[in-house]
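S.K.: Just structure25.txt, nothing more (compact mmCIF, C-alpha atoms and all ligand atoms):
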```txt
# COMPACT_ATOMS: atom_id res chain seq x y z
CA MET A 1 95.37 202.57 91.25
CA ILE A 2 98.67 203.55 92.78
CA PRO A 3 100.90 200.52 93.32
CA GLU A 4 101.35 200.03 97.05
CA HIS A 5 105.13 200.10 97.08
CA LEU A 6 105.29 203.53 95.41
CA THR A 7 104.62 206.87 97.01
CA LEU A 8 102.41 209.38 95.25
CA GLU A 9 105.42 211.40 94.25
CA GLN A 10 107.19 208.38 92.74
CA CYS A 11 104.04 207.50 90.82
CA LEU A 12 103.84 210.97 89.43
CA ARG A 13 107.48 211.00 88.50
CA GLN A 14 106.99 207.78 86.60
CA CYS A 15 103.64 208.60 85.11
CA PHE A 16 104.20 212.17 84.04
CA VAL A 17 107.24 211.27 82.08
CA PRO A 18 105.87 208.69 79.64
CA ALA A 19 103.04 211.23 79.67
CA LYS A 20 99.97 209.56 78.32
CA LYS A 21 97.23 212.09 78.71
CA SER A 22 94.78 209.61 80.22
CA LYS A 23 97.34 208.51 82.83
CA ARG A 24 98.16 212.10 83.65
CA LYS A 25 94.51 212.96 84.18
CA LEU A 26 94.02 209.97 86.44
CA PHE A 27 96.94 210.92 88.69
CA ILE A 28 96.04 214.58 88.76
CA GLY A 29 92.60 213.50 89.97
CA ILE A 30 94.11 211.35 92.70
CA ILE A 31 96.47 214.09 93.88
CA ARG A 32 93.66 216.65 93.98
CA LYS A 33 91.60 214.32 96.05
CA GLU A 34 94.42 213.51 98.46
CA LYS A 35 95.97 216.95 98.75
CA GLY A 36 92.80 219.01 98.68
CA LEU A 37 93.15 222.67 97.72
CA GLY A 38 96.94 222.54 97.76
CA GLY A 39 96.79 219.85 95.08
CA VAL A 40 97.21 222.10 92.09
CA ARG A 41 100.29 223.82 93.52
CA TYR A 42 101.71 220.40 94.42
CA ILE A 43 101.18 219.10 90.90
CA ARG A 44 102.77 222.21 89.41
CA ARG A 45 105.86 221.74 91.57
CA LEU A 46 106.17 218.11 90.55
CA LEU A 47 105.70 218.97 86.90
CA HIS A 48 108.41 221.58 87.15
CA LYS A 49 110.69 219.03 88.81
CA SER A 50 110.18 216.48 86.05
CA HIS A 51 110.73 219.07 83.35
CA MET A 52 114.44 218.41 82.73
CA LEU A 53 113.94 214.65 82.79
CA ASN A 54 111.41 215.05 79.98
CA LYS A 55 113.92 217.05 77.96
CA VAL A 56 116.58 214.41 78.53
CA LYS A 57 114.17 211.71 77.45
CA ARG A 58 113.43 213.57 74.25
CA LEU A 59 117.16 213.99 73.61
CA VAL A 60 117.94 210.30 74.18
CA ASP A 61 114.90 209.01 72.29
CA THR A 62 115.56 211.23 69.28
CA ALA A 63 119.25 210.28 69.14
CA PHE A 64 118.59 206.52 69.26
CA LEU A 65 115.61 206.59 66.91
CA LYS A 66 117.60 208.60 64.40
CA LYS A 67 120.20 205.84 64.37
CA ASP A 68 117.62 203.06 64.26
CA PRO A 69 113.91 203.88 63.97
CA LYS A 70 113.10 200.39 65.26
CA LYS A 71 115.24 200.76 68.37
CA SER A 72 113.45 199.82 71.58
CA LEU A 73 113.87 202.40 74.33
CA LYS A 74 112.61 200.06 77.01
CA HIS A 75 116.08 199.52 78.50
CA PHE A 76 116.25 203.17 79.55
CA GLU A 77 112.74 203.22 81.00
CA ARG A 78 113.45 200.09 82.98
CA THR A 79 116.77 201.46 84.23
CA ILE A 80 114.79 204.35 85.72
CA TYR A 81 112.25 201.92 87.12
CA TRP A 82 114.89 199.73 88.79
CA ALA A 83 116.83 202.72 90.13
CA GLN A 84 113.64 203.80 91.87
CA GLN A 85 113.00 200.31 93.15
CA LEU A 86 116.53 200.07 94.55
CA ASN A 87 116.40 203.56 96.01
CA PRO A 88 112.89 204.96 96.51
CA ASP A 89 114.44 208.36 97.28
CA ALA A 90 116.10 208.60 93.87
CA ASP A 91 115.81 212.21 92.72
CA GLU A 92 115.72 213.74 89.25
CA ALA A 93 119.52 213.70 88.85
CA VAL A 94 119.50 209.94 89.40
CA LEU A 95 116.64 209.46 86.94
CA ILE A 96 118.40 211.58 84.32
CA ALA A 97 121.58 209.53 84.72
CA ALA A 98 119.54 206.32 84.53
CA TYR A 99 117.87 207.36 81.27
CA ALA A 100 120.92 208.88 79.59
CA HIS A 101 123.64 206.49 80.74
CA ASP A 102 124.18 204.91 77.31
CA ILE A 103 123.67 207.99 75.14
CA ALA A 104 127.03 207.66 73.39
CA ARG A 105 125.78 204.38 71.89
CA ALA A 106 123.35 206.37 69.75
CA PHE A 107 126.34 207.78 67.90
CA ALA A 108 128.64 204.76 67.91
CA LYS A 109 129.03 202.12 65.23
CA GLU A 110 129.07 198.86 67.13
CA ASP A 111 128.65 196.12 64.54
CA ALA A 112 130.26 192.67 64.29
CA GLU A 113 133.35 194.22 62.71
CA PHE A 114 133.75 196.61 65.65
CA TRP A 115 133.63 193.75 68.15
CA ASN A 116 135.94 191.51 66.16
CA GLY A 117 138.81 190.43 68.46
CA LYS A 118 137.33 192.37 71.37
CA GLU A 119 135.56 191.04 74.44
CA LEU A 120 132.02 192.35 74.89
CA ASN A 121 133.11 193.74 78.24
CA ASP A 122 136.40 195.13 76.98
CA ALA A 123 137.64 197.49 79.70
CA ASP A 124 138.99 200.17 77.33
CA TYR A 125 135.78 200.19 75.33
CA LEU A 126 133.62 200.43 78.46
CA ASP A 127 135.71 203.27 79.80
CA SER A 128 135.51 205.34 76.62
CA HIS A 129 131.77 204.57 76.32
CA GLN A 130 130.94 205.80 79.83
CA LYS A 131 133.27 208.80 79.45
CA GLU A 132 131.69 209.84 76.15
CA SER A 133 128.15 209.35 77.48
CA ALA A 134 129.00 211.57 80.47
CA ARG A 135 130.49 214.24 78.22
CA MET A 136 127.38 214.31 76.02
CA ILE A 137 124.81 214.55 78.80
CA VAL A 138 126.82 217.19 80.66
CA GLU A 139 127.07 219.28 77.51
CA PHE A 140 123.29 219.08 77.10
CA LEU A 141 122.48 219.89 80.75
CA GLU A 142 124.88 222.83 80.81
CA LYS A 143 123.29 224.24 77.67
CA GLU A 144 119.92 223.89 79.37
CA GLY A 145 121.17 225.77 82.42
CA TYR A 146 120.54 222.88 84.79
CA ASP A 147 121.58 223.03 88.45
CA LYS A 148 125.39 222.83 88.69
CA GLU A 149 125.50 220.44 91.64
CA LYS A 150 123.08 218.08 89.94
CA ILE A 151 125.11 218.20 86.72
CA LYS A 152 128.17 217.14 88.73
CA ARG A 153 126.26 214.18 90.14
CA VAL A 154 124.85 213.16 86.75
CA GLU A 155 128.33 213.38 85.27
CA HIS A 156 129.74 211.12 87.97
CA MET A 157 126.93 208.57 87.73
CA VAL A 158 127.14 208.29 83.94
CA ARG A 159 130.96 208.43 83.89
CA TYR A 160 131.14 205.35 86.12
CA HIS A 161 127.90 203.54 85.28
CA GLU A 162 129.75 200.50 83.91
CA VAL A 163 132.08 200.00 86.85
CA GLY A 164 130.51 201.84 89.78
CA GLY A 165 132.61 202.71 92.82
CA SER A 166 130.38 205.14 94.73
CA PRO A 167 126.84 204.68 96.11
CA GLU A 168 125.29 206.66 93.23
CA SER A 169 127.32 205.14 90.41
CA ASP A 170 126.66 201.70 91.92
CA LEU A 171 122.94 202.44 91.89
CA ILE A 172 122.96 203.25 88.15
CA LYS A 173 125.22 200.26 87.44
CA ASP A 174 122.94 197.87 89.34
CA ALA A 175 119.76 199.26 87.77
CA ASP A 176 121.42 199.06 84.34
CA SER A 177 122.38 195.43 84.95
CA ILE A 178 118.88 194.40 86.00
CA SER A 179 117.33 196.24 83.07
CA TYR A 180 119.85 194.64 80.70
CA LEU A 181 119.17 191.12 81.97
CA GLU A 182 115.45 191.75 81.88
CA VAL A 183 115.05 193.57 78.55
CA ASN A 184 118.14 193.19 76.36
CA ALA A 185 119.68 189.84 77.26
CA PRO A 186 116.71 187.71 76.10
CA LYS A 187 117.05 189.36 72.67
CA HIS A 188 120.82 189.03 72.72
CA VAL A 189 120.57 185.24 73.16
CA GLU A 190 119.69 184.98 69.48
CA LYS A 191 121.34 188.11 68.09
CA PHE A 192 124.69 187.94 69.91
CA GLY A 193 124.64 184.14 69.80
CA ARG A 194 124.59 184.39 66.01
CA MET A 195 127.09 187.26 65.80
CA PHE A 196 129.64 186.17 68.41
CA GLY A 197 128.86 182.60 69.48
CA LYS A 198 127.53 181.31 72.78
CA GLU A 199 130.74 181.57 74.77
CA LYS A 200 131.38 185.23 74.04
CA THR A 201 127.71 186.06 74.59
CA LYS A 202 127.78 184.38 77.99
CA THR A 203 130.74 186.51 79.09
CA LYS A 204 128.50 189.55 78.59
CA PHE A 205 125.69 188.03 80.68
CA ASP A 206 128.21 187.03 83.38
CA PHE A 207 129.73 190.49 83.43
CA MET A 208 126.38 192.24 83.73
CA PHE A 209 125.33 189.97 86.61
CA ASN A 210 128.64 189.75 88.48
CA ARG A 211 129.23 193.51 88.58
CA ILE A 212 126.08 194.09 90.66
CA SER A 213 126.97 195.49 94.10
CA SER A 214 123.83 195.51 96.21
CA GLU A 215 122.29 192.36 97.65
CA LYS A 216 118.83 193.66 96.85
CA ALA A 217 119.73 194.08 93.18
CA LYS A 218 121.42 190.67 93.04
CA LYS A 219 118.29 189.04 94.38
CA VAL A 220 116.18 190.67 91.67
CA ALA A 221 118.66 189.94 88.90
CA GLU A 222 119.50 186.32 89.75
CA PRO A 223 116.42 184.64 88.25
CA MET A 224 116.74 186.84 85.16
CA TYR A 225 120.39 185.89 84.78
CA LYS A 226 119.70 182.18 85.25
CA LYS A 227 116.89 182.33 82.70
CA VAL A 228 118.99 183.93 79.94
CA VAL A 229 121.91 181.57 80.56
CA GLU A 230 119.50 178.66 80.23
CA MET A 231 118.04 180.16 77.05
CA LEU A 232 121.54 180.53 75.67
CA GLU A 233 122.46 176.93 76.48
CA GLU A 234 119.30 175.66 74.83
CA SER A 235 119.63 177.87 71.74
FE FE B 1 126.61 201.49 79.19
FE FE B 2 122.64 200.29 79.67
```
As structure tokens, what does this structure read like?
Ligand SMILES: [Fe+2]
Ligand SMILES: [Fe+2]
M.R.:
Amino acid sequence: MIPEHLTLEQCLRQCFVPAKKSKRKLFIGIIRKEKGLGGVRYIRRLLHKSHMLNKVKRLVDTAFLKKDPKKSLKHFERTIYWAQQLNPDADEAVLIAAYAHDIARAFAKEDAEFWNGKELNDADYLDSHQKESARMIVEFLEKEGYDKEKIKRVEHMVRYHEVGGSPESDLIKDADSISYLEVNAPKHVEKFGRMFGKEKTKTKFDFMFNRISSEKAKKVAEPMYKKVVEMLEES
């Protein structure tokens, strides 16, 4: 069944991309039923639209899994999910930026030694991370011959996803924060707690929560933030 808060198109965008055959079939059936004879053309258009996002997903997944075959890719999926929740009109450029925003991390060595003497929200590090991620995804999209205007938007969103500053970069930043607090932070309680200590770990949680711009995103993130801080205190 289609969740009530999502439109058909949003459902398709979400469901075509993880692309389980059974899910695809189900949604194609629903669209055919709802759109009648025009259904097939409609589906084809949507599939075409989600084409580049699929390529970007493959690029990101391959890069991260090459670095660590056990790496969970859930953070990127949930960043897409939250971007769509925060802005139901989010188009493919937004979804690409949401999925690829951390791509430079797949090529970076960020172990305990790297972080030694550095804050987890070190401004210089964050700036070079978002800059490098933007460079990588732009290079890929240009090679793929993607729409120039959309490339510009993706570049901007990824380039400023850590700090925001415009409606679109704020959207990626807020979705990234919620996804982080939801997916990564519970794991970081133990991992970062052991590597860096509670105090340094909490600065990361604080940073990810405090940088959120929209009230809607803050409302969603607050219970997640409180929960991980509590987990950290009790650990
Ligand atoms: Fe990032
Ligand atoms: Fe992220």
S.K.: Nearest to Glu119 (chain A): which of A:Glu199, A:Glu162, A:Asp147, A:Asp176 is it, counting all atoms listed in the file?
M.R.: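 Among A:Glu199, A:Glu162, A:Asp147, A:Asp176, it is A:Glu199 that comes nearest to Glu119 (chain A).
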S.K.: Which one of A:His51, A:Arg78, A:Lys57, A:Lys202 sits closest to ligand FE 2 (chain B) if you count all atoms listed in the file?
M.R.: A:Arg78
S.K.: Given only C-alpha atoms and all ligand atoms, how would the per-residue table for chain A near ligand FE 2 (chain B) read, listing every residue at most 10 Å away with its closest atom pair and distance in Å to one decimal, sorted by chain and number, as JSON lines?
M.R.:
```
{"residue": "A:His75", "atom": "CA", "partner": "B:FE2", "partner_atom": "FE", "distance": 6.7}
{"residue": "A:Phe76", "atom": "CA", "partner": "B:FE2", "partner_atom": "FE", "distance": 7.0}
{"residue": "A:Arg78", "atom": "CA", "partner": "B:FE2", "partner_atom": "FE", "distance": 9.8}
{"residue": "A:Thr79", "atom": "CA", "partner": "B:FE2", "partner_atom": "FE", "distance": 7.5}
{"residue": "A:Ala98", "atom": "CA", "partner": "B:FE2", "partner_atom": "FE", "distance": 8.3}
{"residue": "A:Tyr99", "atom": "CA", "partner": "B:FE2", "partner_atom": "FE", "distance": 8.7}
{"residue": "A:Ala100", "atom": "CA", "partner": "B:FE2", "partner_atom": "FE", "distance": 8.8}
{"residue": "A:His101", "atom": "CA", "partner": "B:FE2", "partner_atom": "FE", "distance": 6.4}
{"residue": "A:Asp102", "atom": "CA", "partner": "B:FE2", "partner_atom": "FE", "distance": 5.4}
{"residue": "A:Ile103", "atom": "CA", "partner": "B:FE2", "partner_atom": "FE", "distance": 9.0}
{"residue": "A:Arg105", "atom": "CA", "partner": "B:FE2", "partner_atom": "FE", "distance": 9.3}
{"residue": "A:Gln130", "atom": "CA", "partner": "B:FE2", "partner_atom": "FE", "distance": 10.0}
{"residue": "A:His161", "atom": "CA", "partner": "B:FE2", "partner_atom": "FE", "distance": 8.3}
{"residue": "A:Glu162", "atom": "CA", "partner": "B:FE2", "partner_atom": "FE", "distance": 8.3}
{"residue": "A:Ile172", "atom": "CA", "partner": "B:FE2", "partner_atom": "FE", "distance": 9.0}
{"residue": "A:Lys173", "atom": "CA", "partner": "B:FE2", "partner_atom": "FE", "distance": 8.2}
{"residue": "A:Asp174", "atom": "CA", "partner": "B:FE2", "partner_atom": "FE", "distance": 10.0}
{"residue": "A:Ala175", "atom": "CA", "partner": "B:FE2", "partner_atom": "FE", "distance": 8.7}
{"residue": "A:Asp176", "atom": "CA", "partner": "B:FE2", "partner_atom": "FE", "distance": 5.0}
{"residue": "A:Ser177", "atom": "CA", "partner": "B:FE2", "partner_atom": "FE", "distance": 7.2}
{"residue": "A:Ile178", "atom": "CA", "partner": "B:FE2", "partner_atom": "FE", "distance": 9.4}
{"residue": "A:Ser179", "atom": "CA", "partner": "B:FE2", "partner_atom": "FE", "distance": 7.5}
{"residue": "A:Tyr180", "atom": "CA", "partner": "B:FE2", "partner_atom": "FE", "distance": 6.4}
{"residue": "A:Asn184", "atom": "CA", "partner": "B:FE2", "partner_atom": "FE", "distance": 9.0}
{"residue": "A:Met208", "atom": "CA", "partner": "B:FE2", "partner_atom": "FE", "distance": 9.8}
```
S.K.: Tell me which of A:Leu65, A:Leu120, A:Leu73, A:Ile30 sits closest to Met195 (chain A), counting all atoms listed in the file.
M.R.: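 Once distances to Met195 (chain A) are computed over all atoms listed in the file, the minimum belongs to A:Leu120.
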S.K.: Looking at A:Lys131, A:His156, A:Arg194, A:Lys25, which one is nearest to Ala112 (chain A), with distances taken over all atoms listed in the file?
M.R.: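 Comparing A:Lys131, A:His156, A:Arg194, A:Lys25 against Ala112 (chain A), the winner is A:Arg194.
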S.K.: Between CA of Asp68 (chain A) and CA of Ala104 (chain A), measure the distance and give it in Å to one decimal.
M.R.: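 Result for CA of Asp68 (chain A) versus CA of Ala104 (chain A): 13.9 Å, one decimal.
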S.K.: CA of Asn87 (chain A) to CA of Lys143 (chain A): how many Å, to one decimal?
M.R.: 28.5 Å
S.K.: Report the distance between CA of Lys67 (chain A) and CA of Phe205 (chain A) in Å, rounded to one decimal place.
M.R.: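 Interatomic distance, CA of Lys67 (chain A) to CA of Phe205 (chain A): 24.8 Å.
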S.K.: Write out as lines of an AutoDock Vina configuration file an axis-aligned box for region 64-68 of chain A: all of its atoms listed in the file, 6 Å added on each side, centre and edge lengths in Å with one decimal.
M.R.:
```
center_x = 117.9
center_y = 205.8
center_z = 66.8
size_x = 16.6
size_y = 17.5
size_z = 17.0
```
S.K.: Pick from A:Ile212, A:Leu26, A:Ala83, A:Val229: nearest to Val189 (chain A), with all atoms listed in the file counted?
M.R.: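 Smallest separation from Val189 (chain A) among the options: A:Val229.
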S.K.: If we count only C-alpha atoms and set the cut-off at 12 Å, which residues sit around Lys150 (chain A), ignoring sequence neighbours fewer than 3 positions away in its own chain? Please answer as a list in words.
M.R.: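 Everything that qualifies: Met52, Asp91, Glu92, Ala93, Val94, Leu95, Ile96, Ala97, Ile137, Val138, Leu141, Glu142, Gly145, Tyr146, Asp147, Arg153, Val154, Glu155, His156 and Met157 of chain A.
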S.K.: Could you tell me which of A:Ser133, A:Thr62, A:Ser169, A:Gln84 comes closest to ligand FE 1 (chain B) if we count all atoms listed in the file?
M.R.: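 That would be A:Ser133, the residue with the smallest distance to ligand FE 1 (chain B).
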S.K.: If you count all atoms listed in the file, which residues fall within 8 Å of Leu181 (chain A), apart from same-chain ones fewer than 6 positions away, as JSON, numbers by chain?
M.R.: {"A": [205, 208, 209, 221, 224, 225, 228]}
